[in-house]
Structure formats: structure tokens, C-alpha cells
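Engineer: Below you will find the structure I want to go over with you.
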Amino acid sequence: MKHYSEIITIDPNKRFGKPTIRGLRISVYDVLGWLASGMNIKDITEDYPELTDEDIFACLAYAADKEHKLRIAS
């Protein structure tokens, strides 16, 4: 699997600079919200065929890394 930094991009001209997937208009926050609401990876990739399983895992890795960095900074 690629490192999430190869998949998650931040562009100030897309989604107000929020982290998105491969420059698409789908944010990491969107994907995490879908997962939190009970959708599984298959549901998400069926509803958004431009996404891959690897994209979903990259979102999770990104969120885990952010959480880890927050704990270190505290």
C-alpha cells in the first residue's frame, strides 16, 4: 500500500484547503463520516466508484497519524 501522503492532497482551491483524496472533491472528513455512520468500504466504493479501497485506508491512516501527532503535542 502507498503511504497516505501519496493519496491525500491539500489544495487551497479545493474544499477550502481540507485534505482530499487524489485532488478529488471528496475529503478525508467525508470518508471518515461515512465510515462512522455505518457504511463499509464496499458501500462507499459502490456509491463513489472513483474511490478505491486504498483511498479509504489512506483516509484512516491519515486520521490515525493526525491523532498520534495531537497526543505527542499535548
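Here, A, B, ... name the chains of the C-alpha cells in the order displayed, residue numbers run from 1 inside each chain, and ligands are numbered from 1 in the same displayed order.
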Output as a PDB file with N, CA and C atoms, in the first residue's frame all residues of chain A that backbone DSSP marks as helix (DSSP H, G or I).

Structural biologist:
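As written to disk, states.pdb reads:
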ATOM      1  N   TYR A   4      -0.031   7.226   2.856  1.00  0.00           N
ATOM      2  CA  TYR A   4      -1.185   8.110   2.664  1.00  0.00           C
ATOM      3  C   TYR A   4      -0.815   9.440   2.024  1.00  0.00           C
ATOM      4  N   SER A   5       0.399   9.890   2.215  1.00  0.00           N
ATOM      5  CA  SER A   5       0.807  11.178   1.638  1.00  0.00           C
ATOM      6  C   SER A   5       0.835  11.150   0.110  1.00  0.00           C
ATOM      7  N   GLU A   6       0.825   9.967  -0.475  1.00  0.00           N
ATOM      8  CA  GLU A   6       0.768   9.843  -1.936  1.00  0.00           C
ATOM      9  C   GLU A   6      -0.675   9.892  -2.436  1.00  0.00           C
ATOM     10  N   ARG A  15     -12.154  22.419  -1.678  1.00  0.00           N
ATOM     11  CA  ARG A  15     -12.750  22.145  -0.364  1.00  0.00           C
ATOM     12  C   ARG A  15     -12.108  23.007   0.720  1.00  0.00           C
ATOM     13  N   PHE A  16     -11.803  24.250   0.368  1.00  0.00           N
ATOM     14  CA  PHE A  16     -11.260  25.224   1.324  1.00  0.00           C
ATOM     15  C   PHE A  16      -9.962  24.760   1.975  1.00  0.00           C
ATOM     16  N   GLY A  17      -9.170  23.990   1.227  1.00  0.00           N
ATOM     17  CA  GLY A  17      -7.885  23.536   1.738  1.00  0.00           C
ATOM     18  C   GLY A  17      -7.947  22.323   2.645  1.00  0.00           C
ATOM     19  N   VAL A  28     -11.217  13.792   3.255  1.00  0.00           N
ATOM     20  CA  VAL A  28     -10.967  12.763   4.268  1.00  0.00           C
ATOM     21  C   VAL A  28     -12.119  12.771   5.274  1.00  0.00           C
ATOM     22  N   TYR A  29     -12.561  13.955   5.645  1.00  0.00           N
ATOM     23  CA  TYR A  29     -13.666  14.094   6.589  1.00  0.00           C
ATOM     24  C   TYR A  29     -14.929  13.400   6.063  1.00  0.00           C
ATOM     25  N   ASP A  30     -15.209  13.547   4.769  1.00  0.00           N
ATOM     26  CA  ASP A  30     -16.373  12.875   4.174  1.00  0.00           C
ATOM     27  C   ASP A  30     -16.283  11.364   4.399  1.00  0.00           C
ATOM     28  N   VAL A  31     -15.143  10.804   4.045  1.00  0.00           N
ATOM     29  CA  VAL A  31     -14.963   9.348   4.141  1.00  0.00           C
ATOM     30  C   VAL A  31     -15.066   8.888   5.592  1.00  0.00           C
ATOM     31  N   LEU A  32     -14.419   9.598   6.506  1.00  0.00           N
ATOM     32  CA  LEU A  32     -14.494   9.214   7.916  1.00  0.00           C
ATOM     33  C   LEU A  32     -15.923   9.299   8.431  1.00  0.00           C
ATOM     34  N   GLY A  33     -16.646  10.306   7.988  1.00  0.00           N
ATOM     35  CA  GLY A  33     -18.050  10.432   8.377  1.00  0.00           C
ATOM     36  C   GLY A  33     -18.892   9.285   7.872  1.00  0.00           C
ATOM     37  N   TRP A  34     -18.650   8.879   6.640  1.00  0.00           N
ATOM     38  CA  TRP A  34     -19.403   7.749   6.080  1.00  0.00           C
ATOM     39  C   TRP A  34     -19.126   6.475   6.869  1.00  0.00           C
ATOM     40  N   LEU A  35     -17.843   6.249   7.173  1.00  0.00           N
ATOM     41  CA  LEU A  35     -17.492   5.065   7.957  1.00  0.00           C
ATOM     42  C   LEU A  35     -18.131   5.124   9.347  1.00  0.00           C
ATOM     43  N   ALA A  36     -18.088   6.288   9.966  1.00  0.00           N
ATOM     44  CA  ALA A  36     -18.657   6.455  11.303  1.00  0.00           C
ATOM     45  C   ALA A  36     -20.170   6.256  11.302  1.00  0.00           C
ATOM     46  N   ILE A  41     -16.558  -0.221   3.463  1.00  0.00           N
ATOM     47  CA  ILE A  41     -15.736   0.166   2.308  1.00  0.00           C
ATOM     48  C   ILE A  41     -16.453  -0.154   0.999  1.00  0.00           C
ATOM     49  N   LYS A  42     -17.093  -1.310   0.939  1.00  0.00           N
ATOM     50  CA  LYS A  42     -17.810  -1.698  -0.284  1.00  0.00           C
ATOM     51  C   LYS A  42     -18.931  -0.705  -0.590  1.00  0.00           C
ATOM     52  N   ASP A  43     -19.674  -0.304   0.448  1.00  0.00           N
ATOM     53  CA  ASP A  43     -20.749   0.685   0.256  1.00  0.00           C
ATOM     54  C   ASP A  43     -20.192   1.980  -0.341  1.00  0.00           C
ATOM     55  N   ILE A  44     -19.098   2.434   0.235  1.00  0.00           N
ATOM     56  CA  ILE A  44     -18.519   3.712  -0.209  1.00  0.00           C
ATOM     57  C   ILE A  44     -18.029   3.620  -1.642  1.00  0.00           C
ATOM     58  N   THR A  45     -17.300   2.563  -1.962  1.00  0.00           N
ATOM     59  CA  THR A  45     -16.760   2.454  -3.321  1.00  0.00           C
ATOM     60  C   THR A  45     -17.850   2.176  -4.357  1.00  0.00           C
ATOM     61  N   GLU A  46     -18.963   1.603  -3.932  1.00  0.00           N
ATOM     62  CA  GLU A  46     -20.090   1.441  -4.863  1.00  0.00           C
ATOM     63  C   GLU A  46     -20.773   2.786  -5.118  1.00  0.00           C
ATOM     64  N   ASP A  47     -20.927   3.585  -4.062  1.00  0.00           N
ATOM     65  CA  ASP A  47     -21.553   4.905  -4.211  1.00  0.00           C
ATOM     66  C   ASP A  47     -20.624   5.913  -4.890  1.00  0.00           C
ATOM     67  N   ASP A  53     -10.385   1.043  -2.487  1.00  0.00           N
ATOM     68  CA  ASP A  53     -10.162   0.588  -1.114  1.00  0.00           C
ATOM     69  C   ASP A  53      -8.932   1.281  -0.540  1.00  0.00           C
ATOM     70  N   GLU A  54      -7.896   1.398  -1.348  1.00  0.00           N
ATOM     71  CA  GLU A  54      -6.655   2.027  -0.901  1.00  0.00           C
ATOM     72  C   GLU A  54      -6.892   3.484  -0.485  1.00  0.00           C
ATOM     73  N   ASP A  55      -7.776   4.182  -1.184  1.00  0.00           N
ATOM     74  CA  ASP A  55      -8.121   5.556  -0.810  1.00  0.00           C
ATOM     75  C   ASP A  55      -8.738   5.595   0.587  1.00  0.00           C
ATOM     76  N   ILE A  56      -9.626   4.646   0.867  1.00  0.00           N
ATOM     77  CA  ILE A  56     -10.291   4.596   2.167  1.00  0.00           C
ATOM     78  C   ILE A  56      -9.274   4.319   3.271  1.00  0.00           C
ATOM     79  N   PHE A  57      -8.379   3.363   3.024  1.00  0.00           N
ATOM     80  CA  PHE A  57      -7.349   3.056   4.011  1.00  0.00           C
ATOM     81  C   PHE A  57      -6.406   4.242   4.208  1.00  0.00           C
ATOM     82  N   ALA A  58      -6.146   4.991   3.149  1.00  0.00           N
ATOM     83  CA  ALA A  58      -5.301   6.188   3.270  1.00  0.00           C
ATOM     84  C   ALA A  58      -5.965   7.216   4.183  1.00  0.00           C
ATOM     85  N   CYS A  59      -7.270   7.357   4.095  1.00  0.00           N
ATOM     86  CA  CYS A  59      -8.002   8.274   4.982  1.00  0.00           C
ATOM     87  C   CYS A  59      -7.858   7.844   6.435  1.00  0.00           C
ATOM     88  N   LEU A  60      -7.982   6.556   6.680  1.00  0.00           N
ATOM     89  CA  LEU A  60      -7.830   6.046   8.041  1.00  0.00           C
ATOM     90  C   LEU A  60      -6.407   6.257   8.549  1.00  0.00           C
ATOM     91  N   ALA A  61      -5.426   6.013   7.699  1.00  0.00           N
ATOM     92  CA  ALA A  61      -4.024   6.209   8.086  1.00  0.00           C
ATOM     93  C   ALA A  61      -3.744   7.683   8.363  1.00  0.00           C
ATOM     94  N   TYR A  62      -4.301   8.554   7.544  1.00  0.00           N
ATOM     95  CA  TYR A  62      -4.145   9.998   7.737  1.00  0.00           C
ATOM     96  C   TYR A  62      -4.726  10.407   9.094  1.00  0.00           C
ATOM     97  N   ALA A  63      -5.934   9.946   9.395  1.00  0.00           N
ATOM     98  CA  ALA A  63      -6.587  10.288  10.658  1.00  0.00           C
ATOM     99  C   ALA A  63      -5.800   9.733  11.848  1.00  0.00           C
ATOM    100  N   ALA A  64      -5.297   8.519  11.731  1.00  0.00           N
ATOM    101  CA  ALA A  64      -4.515   7.921  12.815  1.00  0.00           C
ATOM    102  C   ALA A  64      -3.231   8.716  13.047  1.00  0.00           C
ATOM    103  N   ASP A  65      -2.594   9.137  11.965  1.00  0.00           N
ATOM    104  CA  ASP A  65      -1.363   9.912  12.088  1.00  0.00           C
ATOM    105  C   ASP A  65      -1.639  11.268  12.740  1.00  0.00           C
ATOM    106  N   LYS A  66      -2.727  11.918  12.336  1.00  0.00           N
ATOM    107  CA  LYS A  66      -3.099  13.200  12.940  1.00  0.00           C
ATOM    108  C   LYS A  66      -3.361  13.033  14.433  1.00  0.00           C
ATOM    109  N   GLU A  67      -4.075  11.981  14.815  1.00  0.00           N
ATOM    110  CA  GLU A  67      -4.366  11.715  16.217  1.00  0.00           C
ATOM    111  C   GLU A  67      -3.076  11.477  16.994  1.00  0.00           C
ATOM    112  N   HIS A  68      -2.171  10.712  16.415  1.00  0.00           N
ATOM    113  CA  HIS A  68      -0.889  10.428  17.059  1.00  0.00           C
ATOM    114  C   HIS A  68      -0.107  11.723  17.291  1.00  0.00           C
ATOM    115  N   LYS A  69      -0.085  12.586  16.290  1.00  0.00           N
ATOM    116  CA  LYS A  69       0.636  13.856  16.413  1.00  0.00           C
ATOM    117  C   LYS A  69       0.003  14.764  17.459  1.00  0.00           C
ATOM    118  N   LEU A  70      -1.321  14.730  17.586  1.00  0.00           N
ATOM    119  CA  LEU A  70      -2.000  15.517  18.617  1.00  0.00           C
ATOM    120  C   LEU A  70      -1.609  15.039  20.014  1.00  0.00           C
ATOM    121  N   ARG A  71      -1.516  13.747  20.198  1.00  0.00           N
ATOM    122  CA  ARG A  71      -1.152  13.187  21.505  1.00  0.00           C
ATOM    123  C   ARG A  71       0.278  13.529  21.863  1.00  0.00           C
ATOM    124  N   ILE A  72       1.169  13.531  20.894  1.00  0.00           N
ATOM    125  CA  ILE A  72       2.578  13.868  21.149  1.00  0.00           C
ATOM    126  C   ILE A  72       2.697  15.346  21.531  1.00  0.00           C
ATOM    127  N   ALA A  73       1.909  16.202  20.872  1.00  0.00           N
ATOM    128  CA  ALA A  73       1.985  17.638  21.114  1.00  0.00           C
ATOM    129  C   ALA A  73       1.381  18.030  22.459  1.00  0.00           C
TER     130      ALA A  73
END

Engineer: Might you pull out every residue within 12 Å of Pro12 of chain A, with only C-alpha atoms counted and same-chain residues fewer than 6 positions away left off, and present them as a PyMOL selection string?

Structural biologist: chain A and resi 18-20+23+25

Engineer: Store the residues of this selection in a file with N, CA and C atoms, as a JSON list (two decimals), in the first residue's frame.

Structural biologist:
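selection.json, written as the output of this step:
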[["chain", "number", "residue", "atom", "x", "y", "z"],
["A", 18, "LYS", "N", -9.12, 21.69, 2.73],
["A", 18, "LYS", "CA", -9.23, 20.48, 3.54],
["A", 18, "LYS", "C", -8.52, 19.34, 2.81],
["A", 19, "PRO", "N", -8.02, 18.34, 3.55],
["A", 19, "PRO", "CA", -7.39, 17.20, 2.89],
["A", 19, "PRO", "C", -8.41, 16.42, 2.06],
["A", 20, "THR", "N", -8.05, 16.18, 0.82],
["A", 20, "THR", "CA", -8.92, 15.43, -0.09],
["A", 20, "THR", "C", -8.18, 14.23, -0.65],
["A", 23, "GLY", "N", -6.86, 14.77, -5.04],
["A", 23, "GLY", "CA", -7.30, 16.00, -5.69],
["A", 23, "GLY", "C", -8.77, 16.01, -6.06],
["A", 25, "ARG", "N", -12.87, 16.09, -5.14],
["A", 25, "ARG", "CA", -13.60, 16.95, -4.21],
["A", 25, "ARG", "C", -14.18, 16.16, -3.04]]

Engineer: How many Å separate atom CA of Tyr48 of chain A from atom CA of Asp11 of chain A?

Structural biologist: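 Distance between the two atoms: 20.6 Å.
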
Engineer: As a list in words, please: all residues of chain A that backbone DSSP puts in strand (DSSP E or B).

Structural biologist: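 Answer for chain A restricted to strand (DSSP E or B) is Ile8, Thr9, Ile10, Pro19, Thr20, Ile21 and Ser27 of chain A.
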
Engineer: Do you have the atom CA of Asn13 of chain A-atom CA of Leu51 of chain A distance handy?

Structural biologist: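 Between atom CA of Asn13 of chain A and atom CA of Leu51 of chain A the gap works out to 20.4 Å.
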